[in-house]
2 protein chains.
Amino acid sequence: MIQEGQREELSTETRSLRASGLTDEIGFLIARAKLVTLELVDEQLEEFGLKRQSYATLSLACTEYGLTQRELAASLKVDPSRLVAILDELQGRNLVVREVDPADRRSRTIRATDAGRQLCAQAAESVRRVEELLLGEIPAGERATIMGALRRIAFPSPRP
Amino acid sequence: MIQEGQREELSTETRSLRASGLTDEIGFLIARAKLVTLELVDEQLEEFGLKRQSYATLSLACTEYGLTQRELAASLKVDPSRLVAILDELQGRNLVVREVDPADRRSRTIRATDAGRQLCAQAAESVRRVEELLLGEIPAGERATIMGALRRIAFPSPRP
DNA sequence: CAGCAACCGTTGATTACTGCAACGATTGCG
DNA sequence: CGCAATCGTTGCAGTAATCAACGGTTGCTG
């Protein structure tokens, strides 16, 4: 188990975390991994003036499906009321538009503008770099396993 | 790619998420996996009257290292001021005690009581069930890969 | 050994985010 | 037509994250 070659200096912090058993629990690991990962994502998004949620919203708005705010909120697991502010900001920057759904005038379908699409494409490229930063040294086969497992966890039983 | 045998009913929600590319981004996946996972963890902890942070704190208090509040806060990436309320609650339930560090009377070393150890052991057993729920159908070898990757992401460059 | 900067736990204020109820506008159904 | 349900929106309450400040304590330094 312990490599002779690379002597690992274990901080008391790491040692106690291991002794507590927390580093064997998936909940603790995912919570912590989320902190680290999203910090990197935020870093990448900063230059585009986007935050995680506005970026995710913009990404969905770039698809061909004309999603309503309700659908958007459900997809992103965000409260519809929270989405209002996000869309206000995106629309204020002319990245998306709210179109009245002709089929149901209560709903607004959200679509990205050309500027929105362009910005989203650039941001997506930056965001994808995070995976490289985090899993760069891991062989491609294992990386696929990991991403697949995350997908499975993120979208449980019925849906992939 | 697409299995003939199992016809997958794709909801428009899943379809649009895929089309947006978000399901290929590690940031989105981890954020979402964290939501799902911690919901299960909370569920398991509820019967013990613990929340994530108090459980993690209690876990660390159960180790042989007599950690100070400062060290605890650093290990859990929680603000020291936030830890005060957590410890107040745990101490109020006689699960931990604050001992004045004889070496440095400014510091308080946190230790679990016998009751605290007992409760933590029970809670830990429940919490570990979450991994089974999430990764139960995945072969053991891949599970080890996944947990290892999470550890690597959660504790970047210098520390394992 | 006196004094001073630094550190510890704690308090308090400020800010941000989540979840929930309620509202007008609109729809679909009976 | 009338009524329940839905959509976007607003506002509010509870919770957490961040930061400054303070008394008590330590250790360094002159």
# chains A, B, ... in the order shown; residues from 1 in each chain; ligands from 1
$ calpha_fit_and_write --fixed "chain B" --moving "chain A" --output "compact mmCIF listing (two decimals) with N, CA and C atoms, in the first residue's frame"
# COMPACT_ATOMS: atom_id res chain seq x y z
N MET A 1 -23.81 2.17 -29.59
CA MET A 1 -24.08 3.03 -28.45
C MET A 1 -25.48 2.80 -27.89
N ILE A 2 -26.47 2.85 -28.76
CA ILE A 2 -27.85 2.70 -28.30
C ILE A 2 -28.26 1.24 -28.32
N GLN A 3 -28.57 0.75 -27.15
CA GLN A 3 -29.01 -0.63 -27.03
C GLN A 3 -30.39 -0.79 -27.66
N GLU A 4 -30.51 -1.85 -28.47
CA GLU A 4 -31.82 -2.10 -29.07
C GLU A 4 -32.81 -2.59 -28.02
N GLY A 5 -32.30 -3.46 -27.14
CA GLY A 5 -33.17 -4.12 -26.17
C GLY A 5 -33.93 -3.14 -25.29
N GLN A 6 -33.19 -2.28 -24.56
CA GLN A 6 -33.87 -1.40 -23.61
C GLN A 6 -34.16 -0.05 -24.27
N ARG A 7 -35.41 0.12 -24.62
CA ARG A 7 -35.83 1.39 -25.20
C ARG A 7 -35.90 2.45 -24.11
N GLU A 8 -35.06 3.46 -24.22
CA GLU A 8 -35.04 4.50 -23.19
C GLU A 8 -36.01 5.62 -23.57
N GLU A 9 -36.94 5.88 -22.70
CA GLU A 9 -37.83 7.01 -22.92
C GLU A 9 -37.12 8.26 -22.45
N LEU A 10 -36.72 9.10 -23.35
CA LEU A 10 -36.00 10.31 -22.96
C LEU A 10 -36.97 11.47 -22.78
N SER A 11 -37.01 11.98 -21.57
CA SER A 11 -37.85 13.16 -21.34
C SER A 11 -37.22 14.34 -22.06
N THR A 12 -38.03 15.33 -22.39
CA THR A 12 -37.47 16.51 -23.06
C THR A 12 -36.46 17.18 -22.14
N GLU A 13 -36.66 16.99 -20.83
CA GLU A 13 -35.72 17.57 -19.88
C GLU A 13 -34.33 16.97 -20.08
N THR A 14 -34.28 15.65 -20.09
CA THR A 14 -32.99 14.98 -20.28
C THR A 14 -32.41 15.30 -21.64
N ARG A 15 -33.29 15.33 -22.65
CA ARG A 15 -32.79 15.58 -24.00
C ARG A 15 -32.15 16.94 -24.12
N SER A 16 -32.79 17.95 -23.55
CA SER A 16 -32.22 19.29 -23.68
C SER A 16 -30.95 19.43 -22.85
N LEU A 17 -30.93 18.78 -21.71
CA LEU A 17 -29.70 18.84 -20.91
C LEU A 17 -28.54 18.23 -21.68
N ARG A 18 -28.81 17.13 -22.36
CA ARG A 18 -27.75 16.52 -23.15
C ARG A 18 -27.32 17.41 -24.30
N ALA A 19 -28.32 17.97 -24.96
CA ALA A 19 -28.01 18.82 -26.12
C ALA A 19 -27.19 20.03 -25.70
N SER A 20 -27.42 20.51 -24.49
CA SER A 20 -26.69 21.69 -24.04
C SER A 20 -25.23 21.39 -23.75
N GLY A 21 -24.92 20.11 -23.60
CA GLY A 21 -23.55 19.74 -23.29
C GLY A 21 -23.26 19.76 -21.80
N LEU A 22 -24.22 20.20 -21.00
CA LEU A 22 -23.97 20.28 -19.55
C LEU A 22 -23.67 18.92 -18.95
N THR A 23 -24.29 17.88 -19.49
CA THR A 23 -24.08 16.55 -18.91
C THR A 23 -22.70 15.99 -19.24
N ASP A 24 -21.91 16.74 -19.98
CA ASP A 24 -20.52 16.34 -20.21
C ASP A 24 -19.55 17.17 -19.38
N GLU A 25 -20.08 18.10 -18.60
CA GLU A 25 -19.21 18.96 -17.82
C GLU A 25 -19.14 18.50 -16.38
N ILE A 26 -17.93 18.38 -15.91
CA ILE A 26 -17.74 17.82 -14.57
C ILE A 26 -18.31 18.74 -13.49
N GLY A 27 -18.29 20.03 -13.73
CA GLY A 27 -18.83 20.95 -12.74
C GLY A 27 -20.31 20.74 -12.54
N PHE A 28 -21.04 20.70 -13.65
CA PHE A 28 -22.48 20.50 -13.56
C PHE A 28 -22.80 19.15 -12.93
N LEU A 29 -22.09 18.13 -13.33
CA LEU A 29 -22.37 16.78 -12.82
C LEU A 29 -22.10 16.70 -11.32
N ILE A 30 -20.99 17.27 -10.89
CA ILE A 30 -20.67 17.17 -9.47
C ILE A 30 -21.65 17.98 -8.64
N ALA A 31 -22.03 19.15 -9.12
CA ALA A 31 -22.99 19.97 -8.39
C ALA A 31 -24.30 19.20 -8.22
N ARG A 32 -24.71 18.58 -9.29
CA ARG A 32 -25.97 17.83 -9.24
C ARG A 32 -25.83 16.56 -8.40
N ALA A 33 -24.72 15.88 -8.54
CA ALA A 33 -24.49 14.67 -7.75
C ALA A 33 -24.45 15.00 -6.27
N LYS A 34 -23.92 16.16 -5.97
CA LYS A 34 -23.87 16.57 -4.57
C LYS A 34 -25.29 16.75 -4.02
N LEU A 35 -26.17 17.36 -4.82
CA LEU A 35 -27.55 17.53 -4.38
C LEU A 35 -28.17 16.18 -4.05
N VAL A 36 -28.04 15.25 -4.99
CA VAL A 36 -28.66 13.94 -4.80
C VAL A 36 -28.07 13.21 -3.60
N THR A 37 -26.75 13.21 -3.54
CA THR A 37 -26.06 12.46 -2.49
C THR A 37 -26.37 13.00 -1.10
N LEU A 38 -26.26 14.31 -0.96
CA LEU A 38 -26.45 14.87 0.38
C LEU A 38 -27.90 14.78 0.82
N GLU A 39 -28.80 14.70 -0.15
CA GLU A 39 -30.19 14.48 0.24
C GLU A 39 -30.33 13.12 0.91
N LEU A 40 -29.66 12.13 0.34
CA LEU A 40 -29.68 10.80 0.94
C LEU A 40 -28.98 10.80 2.30
N VAL A 41 -27.86 11.50 2.38
CA VAL A 41 -27.13 11.56 3.65
C VAL A 41 -28.01 12.20 4.73
N ASP A 42 -28.63 13.32 4.38
CA ASP A 42 -29.50 13.99 5.34
C ASP A 42 -30.58 13.03 5.84
N GLU A 43 -31.11 12.28 4.90
CA GLU A 43 -32.15 11.31 5.24
C GLU A 43 -31.64 10.33 6.30
N GLN A 44 -30.43 9.84 6.08
CA GLN A 44 -29.86 8.86 7.01
C GLN A 44 -29.56 9.50 8.37
N LEU A 45 -29.17 10.75 8.35
CA LEU A 45 -28.75 11.40 9.59
C LEU A 45 -29.93 11.88 10.42
N GLU A 46 -31.07 12.00 9.77
CA GLU A 46 -32.20 12.62 10.44
C GLU A 46 -32.57 11.89 11.73
N GLU A 47 -32.57 10.58 11.67
CA GLU A 47 -33.01 9.83 12.86
C GLU A 47 -32.07 10.01 14.04
N PHE A 48 -30.85 10.47 13.76
CA PHE A 48 -29.91 10.71 14.86
C PHE A 48 -29.88 12.17 15.28
N GLY A 49 -30.72 12.97 14.64
CA GLY A 49 -30.75 14.38 14.99
C GLY A 49 -29.48 15.11 14.62
N LEU A 50 -28.80 14.63 13.58
CA LEU A 50 -27.55 15.26 13.16
C LEU A 50 -27.71 15.86 11.77
N LYS A 51 -26.94 16.91 11.51
CA LYS A 51 -26.84 17.42 10.15
C LYS A 51 -25.44 17.13 9.64
N ARG A 52 -25.24 17.39 8.34
CA ARG A 52 -23.97 17.00 7.75
C ARG A 52 -22.79 17.52 8.54
N GLN A 53 -22.85 18.82 8.84
CA GLN A 53 -21.69 19.43 9.46
C GLN A 53 -21.50 18.96 10.89
N SER A 54 -22.60 18.80 11.62
CA SER A 54 -22.44 18.33 12.99
C SER A 54 -21.97 16.89 12.99
N TYR A 55 -22.41 16.12 12.02
CA TYR A 55 -21.94 14.74 11.92
C TYR A 55 -20.45 14.70 11.61
N ALA A 56 -20.01 15.49 10.66
CA ALA A 56 -18.59 15.52 10.31
C ALA A 56 -17.77 16.00 11.50
N THR A 57 -18.26 17.01 12.19
CA THR A 57 -17.56 17.50 13.37
C THR A 57 -17.44 16.42 14.43
N LEU A 58 -18.56 15.75 14.66
CA LEU A 58 -18.55 14.68 15.65
C LEU A 58 -17.59 13.57 15.25
N SER A 59 -17.56 13.26 13.97
CA SER A 59 -16.65 12.22 13.50
C SER A 59 -15.21 12.57 13.82
N LEU A 60 -14.84 13.81 13.56
CA LEU A 60 -13.47 14.22 13.85
C LEU A 60 -13.19 14.25 15.35
N ALA A 61 -14.22 14.59 16.10
CA ALA A 61 -14.04 14.63 17.56
C ALA A 61 -13.82 13.24 18.12
N CYS A 62 -14.21 12.22 17.38
CA CYS A 62 -14.07 10.85 17.86
C CYS A 62 -12.67 10.30 17.65
N THR A 63 -11.84 11.01 16.91
CA THR A 63 -10.50 10.50 16.69
C THR A 63 -9.64 10.73 17.92
N GLU A 64 -8.49 10.08 17.94
CA GLU A 64 -7.60 10.22 19.10
C GLU A 64 -6.94 11.59 19.14
N TYR A 65 -6.79 12.23 17.97
CA TYR A 65 -6.18 13.54 17.96
C TYR A 65 -7.11 14.51 18.67
N GLY A 66 -6.58 15.25 19.60
CA GLY A 66 -7.41 16.25 20.25
C GLY A 66 -7.33 17.53 19.44
N LEU A 67 -8.24 17.66 18.48
CA LEU A 67 -8.17 18.81 17.58
C LEU A 67 -8.77 20.05 18.23
N THR A 68 -8.17 21.17 17.96
CA THR A 68 -8.74 22.42 18.44
C THR A 68 -9.82 22.87 17.46
N GLN A 69 -10.58 23.87 17.88
CA GLN A 69 -11.65 24.35 17.02
C GLN A 69 -11.08 24.88 15.71
N ARG A 70 -9.93 25.55 15.84
CA ARG A 70 -9.29 26.07 14.63
C ARG A 70 -8.97 24.95 13.66
N GLU A 71 -8.39 23.89 14.17
CA GLU A 71 -8.02 22.77 13.31
C GLU A 71 -9.25 22.09 12.74
N LEU A 72 -10.24 21.95 13.57
CA LEU A 72 -11.49 21.36 13.11
C LEU A 72 -12.08 22.17 11.95
N ALA A 73 -12.11 23.47 12.15
CA ALA A 73 -12.68 24.33 11.11
C ALA A 73 -11.90 24.21 9.82
N ALA A 74 -10.58 24.16 9.94
CA ALA A 74 -9.76 24.04 8.73
C ALA A 74 -10.00 22.70 8.05
N SER A 75 -10.07 21.63 8.83
CA SER A 75 -10.28 20.30 8.26
C SER A 75 -11.60 20.21 7.52
N LEU A 76 -12.61 20.86 8.07
CA LEU A 76 -13.95 20.75 7.49
C LEU A 76 -14.25 21.88 6.52
N LYS A 77 -13.30 22.77 6.34
CA LYS A 77 -13.52 23.94 5.48
C LYS A 77 -14.78 24.68 5.89
N VAL A 78 -14.86 24.93 7.17
CA VAL A 78 -15.97 25.68 7.73
C VAL A 78 -15.38 26.89 8.43
N ASP A 79 -16.10 27.99 8.40
CA ASP A 79 -15.61 29.16 9.10
C ASP A 79 -15.65 28.90 10.61
N PRO A 80 -14.57 29.29 11.31
CA PRO A 80 -14.54 29.06 12.76
C PRO A 80 -15.77 29.60 13.47
N SER A 81 -16.29 30.71 13.00
CA SER A 81 -17.46 31.28 13.65
C SER A 81 -18.68 30.38 13.50
N ARG A 82 -18.73 29.69 12.37
CA ARG A 82 -19.86 28.79 12.16
C ARG A 82 -19.76 27.58 13.09
N LEU A 83 -18.52 27.17 13.35
CA LEU A 83 -18.30 26.00 14.18
C LEU A 83 -18.83 26.19 15.59
N VAL A 84 -18.86 27.42 16.02
CA VAL A 84 -19.30 27.71 17.39
C VAL A 84 -20.71 27.16 17.63
N ALA A 85 -21.60 27.48 16.73
CA ALA A 85 -22.98 27.03 16.88
C ALA A 85 -23.07 25.50 16.82
N ILE A 86 -22.31 24.92 15.90
CA ILE A 86 -22.32 23.47 15.78
C ILE A 86 -21.87 22.81 17.08
N LEU A 87 -20.79 23.33 17.64
CA LEU A 87 -20.27 22.75 18.89
C LEU A 87 -21.22 23.02 20.06
N ASP A 88 -21.82 24.19 20.06
CA ASP A 88 -22.79 24.49 21.12
C ASP A 88 -23.88 23.42 21.14
N GLU A 89 -24.33 23.09 19.96
CA GLU A 89 -25.41 22.11 19.87
C GLU A 89 -24.93 20.72 20.29
N LEU A 90 -23.78 20.32 19.78
CA LEU A 90 -23.25 19.00 20.13
C LEU A 90 -22.95 18.91 21.63
N GLN A 91 -22.39 19.97 22.16
CA GLN A 91 -22.07 19.96 23.58
C GLN A 91 -23.34 19.97 24.42
N GLY A 92 -24.33 20.70 23.94
CA GLY A 92 -25.61 20.73 24.64
C GLY A 92 -26.25 19.36 24.74
N ARG A 93 -25.94 18.50 23.76
CA ARG A 93 -26.47 17.14 23.80
C ARG A 93 -25.49 16.16 24.44
N ASN A 94 -24.43 16.71 25.03
CA ASN A 94 -23.43 15.88 25.70
C ASN A 94 -22.76 14.89 24.76
N LEU A 95 -22.57 15.30 23.52
CA LEU A 95 -21.89 14.42 22.57
C LEU A 95 -20.41 14.76 22.48
N VAL A 96 -20.06 16.02 22.73
CA VAL A 96 -18.65 16.42 22.76
C VAL A 96 -18.43 17.35 23.96
N VAL A 97 -17.18 17.52 24.30
CA VAL A 97 -16.82 18.50 25.33
C VAL A 97 -15.71 19.39 24.81
N ARG A 98 -15.72 20.64 25.25
CA ARG A 98 -14.63 21.55 24.95
C ARG A 98 -13.68 21.53 26.14
N GLU A 99 -12.45 21.10 25.90
CA GLU A 99 -11.46 21.10 26.97
C GLU A 99 -10.45 22.20 26.71
N VAL A 100 -10.11 22.94 27.77
CA VAL A 100 -9.09 23.96 27.61
C VAL A 100 -7.75 23.27 27.36
N ASP A 101 -7.12 23.66 26.29
CA ASP A 101 -5.83 23.08 25.95
C ASP A 101 -4.80 23.54 26.98
N PRO A 102 -4.23 22.62 27.76
CA PRO A 102 -3.27 23.03 28.79
C PRO A 102 -2.04 23.70 28.18
N ALA A 103 -1.71 23.33 26.95
CA ALA A 103 -0.52 23.91 26.32
C ALA A 103 -0.78 25.34 25.86
N ASP A 104 -2.02 25.63 25.50
CA ASP A 104 -2.35 26.98 25.02
C ASP A 104 -3.77 27.29 25.45
N ARG A 105 -3.89 28.07 26.47
CA ARG A 105 -5.21 28.24 27.09
C ARG A 105 -6.18 29.03 26.21
N ARG A 106 -5.70 29.53 25.08
CA ARG A 106 -6.65 30.15 24.15
C ARG A 106 -7.46 29.09 23.41
N SER A 107 -6.83 27.97 23.18
CA SER A 107 -7.46 26.93 22.35
C SER A 107 -8.33 26.01 23.19
N ARG A 108 -9.34 25.46 22.52
CA ARG A 108 -10.16 24.42 23.14
C ARG A 108 -10.04 23.17 22.29
N THR A 109 -9.63 22.09 22.89
CA THR A 109 -9.59 20.82 22.15
C THR A 109 -10.95 20.14 22.31
N ILE A 110 -11.42 19.62 21.21
CA ILE A 110 -12.75 19.02 21.19
C ILE A 110 -12.63 17.50 21.25
N ARG A 111 -13.35 16.92 22.18
CA ARG A 111 -13.33 15.47 22.30
C ARG A 111 -14.76 14.95 22.41
N ALA A 112 -14.98 13.81 21.79
CA ALA A 112 -16.30 13.21 21.87
C ALA A 112 -16.47 12.50 23.20
N THR A 113 -17.65 12.57 23.74
CA THR A 113 -17.96 11.80 24.94
C THR A 113 -18.27 10.36 24.53
N ASP A 114 -18.46 9.51 25.51
CA ASP A 114 -18.83 8.13 25.19
C ASP A 114 -20.14 8.10 24.41
N ALA A 115 -21.08 8.90 24.86
CA ALA A 115 -22.36 8.97 24.15
C ALA A 115 -22.14 9.44 22.72
N GLY A 116 -21.24 10.41 22.55
CA GLY A 116 -20.95 10.91 21.21
C GLY A 116 -20.35 9.82 20.33
N ARG A 117 -19.43 9.09 20.89
CA ARG A 117 -18.81 8.00 20.13
C ARG A 117 -19.85 6.97 19.70
N GLN A 118 -20.70 6.65 20.63
CA GLN A 118 -21.71 5.65 20.33
C GLN A 118 -22.65 6.12 19.22
N LEU A 119 -23.12 7.35 19.37
CA LEU A 119 -24.03 7.89 18.35
C LEU A 119 -23.33 7.98 17.00
N CYS A 120 -22.08 8.41 17.02
CA CYS A 120 -21.35 8.58 15.78
C CYS A 120 -21.17 7.24 15.07
N ALA A 121 -20.91 6.21 15.84
CA ALA A 121 -20.72 4.88 15.24
C ALA A 121 -22.00 4.43 14.53
N GLN A 122 -23.13 4.66 15.20
CA GLN A 122 -24.40 4.28 14.58
C GLN A 122 -24.67 5.11 13.32
N ALA A 123 -24.44 6.41 13.45
CA ALA A 123 -24.69 7.28 12.30
C ALA A 123 -23.79 6.92 11.13
N ALA A 124 -22.53 6.63 11.44
CA ALA A 124 -21.59 6.28 10.37
C ALA A 124 -22.07 5.05 9.61
N GLU A 125 -22.60 4.11 10.35
CA GLU A 125 -23.09 2.89 9.70
C GLU A 125 -24.21 3.24 8.72
N SER A 126 -25.10 4.11 9.14
CA SER A 126 -26.19 4.52 8.26
C SER A 126 -25.67 5.29 7.06
N VAL A 127 -24.74 6.18 7.32
CA VAL A 127 -24.24 7.03 6.25
C VAL A 127 -23.53 6.21 5.18
N ARG A 128 -22.82 5.18 5.62
CA ARG A 128 -22.11 4.36 4.64
C ARG A 128 -23.06 3.62 3.70
N ARG A 129 -24.30 3.51 4.13
CA ARG A 129 -25.29 2.85 3.27
C ARG A 129 -25.55 3.65 2.00
N VAL A 130 -25.29 4.95 2.06
CA VAL A 130 -25.56 5.80 0.90
C VAL A 130 -24.73 5.37 -0.31
N GLU A 131 -23.49 4.99 -0.03
CA GLU A 131 -22.65 4.55 -1.15
C GLU A 131 -23.27 3.34 -1.83
N GLU A 132 -23.82 2.47 -1.02
CA GLU A 132 -24.47 1.29 -1.58
C GLU A 132 -25.64 1.70 -2.47
N LEU A 133 -26.42 2.65 -1.98
CA LEU A 133 -27.58 3.11 -2.74
C LEU A 133 -27.16 3.70 -4.08
N LEU A 134 -26.06 4.42 -4.07
CA LEU A 134 -25.68 5.16 -5.28
C LEU A 134 -24.85 4.32 -6.24
N LEU A 135 -23.98 3.51 -5.70
CA LEU A 135 -23.03 2.78 -6.54
C LEU A 135 -23.21 1.27 -6.43
N GLY A 136 -24.32 0.86 -5.87
CA GLY A 136 -24.53 -0.55 -5.61
C GLY A 136 -24.40 -1.44 -6.83
N GLU A 137 -24.84 -0.94 -7.97
CA GLU A 137 -24.87 -1.80 -9.15
C GLU A 137 -23.57 -1.74 -9.94
N ILE A 138 -22.62 -0.98 -9.44
CA ILE A 138 -21.36 -0.84 -10.15
C ILE A 138 -20.35 -1.83 -9.60
N PRO A 139 -19.63 -2.54 -10.48
CA PRO A 139 -18.65 -3.52 -10.03
C PRO A 139 -17.62 -2.91 -9.08
N ALA A 140 -17.14 -3.73 -8.16
CA ALA A 140 -16.28 -3.23 -7.08
C ALA A 140 -15.04 -2.53 -7.61
N GLY A 141 -14.48 -3.06 -8.69
CA GLY A 141 -13.27 -2.45 -9.23
C GLY A 141 -13.52 -1.02 -9.65
N GLU A 142 -14.60 -0.81 -10.39
CA GLU A 142 -14.92 0.54 -10.83
C GLU A 142 -15.26 1.44 -9.64
N ARG A 143 -15.90 0.86 -8.67
CA ARG A 143 -16.24 1.66 -7.48
C ARG A 143 -14.99 2.19 -6.82
N ALA A 144 -13.98 1.37 -6.74
CA ALA A 144 -12.72 1.83 -6.14
C ALA A 144 -12.14 2.96 -6.98
N THR A 145 -12.22 2.82 -8.29
CA THR A 145 -11.74 3.89 -9.17
C THR A 145 -12.46 5.19 -8.89
N ILE A 146 -13.77 5.08 -8.76
CA ILE A 146 -14.58 6.28 -8.56
C ILE A 146 -14.27 6.94 -7.22
N MET A 147 -14.25 6.13 -6.17
CA MET A 147 -13.96 6.71 -4.85
C MET A 147 -12.56 7.32 -4.84
N GLY A 148 -11.62 6.65 -5.49
CA GLY A 148 -10.27 7.20 -5.56
C GLY A 148 -10.24 8.52 -6.29
N ALA A 149 -10.99 8.59 -7.38
CA ALA A 149 -11.02 9.84 -8.14
C ALA A 149 -11.65 10.96 -7.32
N LEU A 150 -12.71 10.64 -6.60
CA LEU A 150 -13.34 11.66 -5.76
C LEU A 150 -12.37 12.14 -4.69
N ARG A 151 -11.63 11.22 -4.12
CA ARG A 151 -10.62 11.62 -3.13
C ARG A 151 -9.60 12.54 -3.77
N ARG A 152 -9.21 12.19 -4.97
CA ARG A 152 -8.19 13.01 -5.63
C ARG A 152 -8.72 14.41 -5.93
N ILE A 153 -9.97 14.48 -6.35
CA ILE A 153 -10.56 15.79 -6.63
C ILE A 153 -10.74 16.58 -5.34
N ALA A 154 -11.21 15.88 -4.31
CA ALA A 154 -11.52 16.58 -3.06
C ALA A 154 -10.27 17.09 -2.36
N PHE A 155 -9.18 16.37 -2.54
CA PHE A 155 -7.92 16.78 -1.90
C PHE A 155 -6.86 16.95 -2.98
N PRO A 156 -6.80 18.12 -3.58
CA PRO A 156 -6.01 18.32 -4.79
C PRO A 156 -4.50 18.19 -4.54
N SER A 157 -3.78 18.63 -5.50
CA SER A 157 -2.34 18.44 -5.69
C SER A 157 -1.54 17.92 -4.50
N PRO A 158 -1.28 18.72 -3.47
CA PRO A 158 -0.26 18.30 -2.53
C PRO A 158 -0.69 17.13 -1.66
N ARG A 159 -1.95 17.15 -1.20
CA ARG A 159 -2.35 16.16 -0.19
C ARG A 159 -3.35 15.16 -0.74
N PRO A 160 -3.18 13.90 -0.33
CA PRO A 160 -4.15 12.87 -0.71
C PRO A 160 -5.32 12.91 0.21
$ select_by_dssp --residues "chain A" --states "helix (DSSP H, G or I)" --output "ChimeraX atom specification"
/A:12-20,22-24,26-46,52-61,69-76,80-92,114-135,140-154
$ residues_around --residues "region 11-21 of chain C" --least-positions-apart "2" --cutoff "9 Å" --atoms "only C-alpha atoms (C1' of nucleotides)" --output "NGL selection string"
(:A and (79 or 82)) or (:B and (81)) or (:D and (12-22))
$ write_last_selection --atoms "N, CA and C atoms (P, O5', C5', C4', C3', O3' and C1' of nucleotides)" --output "short mmCIF file (atom, residue, chain, number, x, y, z; two decimals), in the first residue's frame"
data_model
loop_
_atom_site.label_atom_id
_atom_site.label_comp_id
_atom_site.auth_asym_id
_atom_site.auth_seq_id
_atom_site.Cartn_x
_atom_site.Cartn_y
_atom_site.Cartn_z
N ASP A 79 -35.39 26.93 -8.18
CA ASP A 79 -36.74 27.41 -7.97
C ASP A 79 -37.10 28.41 -9.07
N ARG A 82 -36.28 31.91 -8.48
CA ARG A 82 -34.87 32.27 -8.57
C ARG A 82 -34.48 32.53 -10.02
N SER B 81 -16.23 30.78 13.22
CA SER B 81 -17.40 31.34 13.89
C SER B 81 -18.63 30.45 13.71
P DC D 12 -41.96 41.90 1.82
"O5'" DC D 12 -41.85 40.48 2.53
"C5'" DC D 12 -43.04 39.70 2.71
"C4'" DC D 12 -42.70 38.39 3.38
"C3'" DC D 12 -41.69 38.51 4.53
"O3'" DC D 12 -42.11 37.69 5.61
"C1'" DC D 12 -40.90 36.96 2.94
P DA D 13 -41.43 37.83 7.06
"O5'" DA D 13 -40.80 36.40 7.30
"C5'" DA D 13 -41.63 35.25 7.25
"C4'" DA D 13 -40.77 33.99 7.28
"C3'" DA D 13 -39.73 33.97 8.39
"O3'" DA D 13 -39.66 32.67 8.96
"C1'" DA D 13 -38.67 33.74 6.29
P DG D 14 -38.87 32.39 10.32
"O5'" DG D 14 -37.73 31.38 9.84
"C5'" DG D 14 -38.09 30.24 9.08
"C4'" DG D 14 -36.84 29.62 8.48
"C3'" DG D 14 -35.68 29.50 9.48
"O3'" DG D 14 -35.17 28.19 9.43
"C1'" DG D 14 -34.99 30.64 7.50
P DT D 15 -34.01 27.71 10.42
"O5'" DT D 15 -32.73 27.72 9.47
"C5'" DT D 15 -32.78 27.05 8.21
"C4'" DT D 15 -31.51 27.34 7.44
"C3'" DT D 15 -30.24 27.31 8.31
"O3'" DT D 15 -29.40 26.25 7.89
"C1'" DT D 15 -30.30 29.22 6.87
P DA D 16 -28.03 25.98 8.64
"O5'" DA D 16 -26.99 26.67 7.65
"C5'" DA D 16 -27.06 26.37 6.28
"C4'" DA D 16 -26.21 27.35 5.50
"C3'" DA D 16 -24.75 27.44 5.97
"O3'" DA D 16 -23.89 27.24 4.87
"C1'" DA D 16 -25.72 29.60 5.78
P DA D 17 -22.31 27.21 5.06
"O5'" DA D 17 -21.84 28.62 4.52
"C5'" DA D 17 -22.00 28.94 3.14
"C4'" DA D 17 -21.31 30.25 2.83
"C3'" DA D 17 -19.86 30.34 3.32
"O3'" DA D 17 -19.07 30.97 2.32
"C1'" DA D 17 -21.16 32.09 4.26
P DT D 18 -17.50 31.22 2.55
"O5'" DT D 18 -17.43 32.74 3.03
"C5'" DT D 18 -18.11 33.75 2.28
"C4'" DT D 18 -17.87 35.11 2.93
"C3'" DT D 18 -16.47 35.31 3.51
"O3'" DT D 18 -15.91 36.47 2.94
"C1'" DT D 18 -18.14 35.95 5.08
P DC D 19 -14.37 36.85 3.22
"O5'" DC D 19 -14.48 37.98 4.34
"C5'" DC D 19 -15.33 39.09 4.12
"C4'" DC D 19 -15.48 39.89 5.40
"C3'" DC D 19 -14.18 40.10 6.18
"O3'" DC D 19 -13.81 41.47 6.12
"C1'" DC D 19 -16.01 39.50 7.61
P DA D 20 -12.47 41.95 6.87
"O5'" DA D 20 -13.04 42.69 8.16
"C5'" DA D 20 -14.13 43.59 8.02
"C4'" DA D 20 -14.60 44.07 9.39
"C3'" DA D 20 -13.48 44.52 10.33
"O3'" DA D 20 -13.92 45.67 11.06
"C1'" DA D 20 -14.68 42.75 11.33
P DA D 21 -12.91 46.42 12.04
"O5'" DA D 21 -13.30 45.88 13.48
"C5'" DA D 21 -14.65 46.02 13.92
"C4'" DA D 21 -14.83 45.36 15.28
"C3'" DA D 21 -13.69 45.65 16.28
"O3'" DA D 21 -14.24 45.97 17.55
"C1'" DA D 21 -14.04 43.34 16.10
P DC D 22 -13.31 46.68 18.66
"O5'" DC D 22 -13.61 45.86 19.98
"C5'" DC D 22 -14.79 45.09 20.10
"C4'" DC D 22 -14.55 43.98 21.09
"C3'" DC D 22 -13.34 44.20 22.00
"O3'" DC D 22 -13.69 43.98 23.35
"C1'" DC D 22 -13.24 42.08 20.98
#
$ residues_around --residues "DC4 (chain C)" --least-positions-apart "5" --cutoff "12 Å" --atoms "only C-alpha atoms (C1' of nucleotides)" --output "list of chain:residue names"
D:DT26, D:DG27, D:DC28, D:DT29, D:DG30
$ write_last_selection --atoms "C-alpha atoms (C1' of nucleotides)" --output "PDB file, in the first residue's frame"
ATOM      1  C1'  DT D  26       0.671  33.459  24.186  1.00  0.00           C
ATOM      2  C1'  DG D  27       5.332  34.225  22.637  1.00  0.00           C
ATOM      3  C1'  DC D  28       8.679  37.153  20.927  1.00  0.00           C
ATOM      4  C1'  DT D  29      11.783  41.079  21.561  1.00  0.00           C
ATOM      5  C1'  DG D  30      13.973  44.667  23.191  1.00  0.00           C
TER       6       DG D  30
END
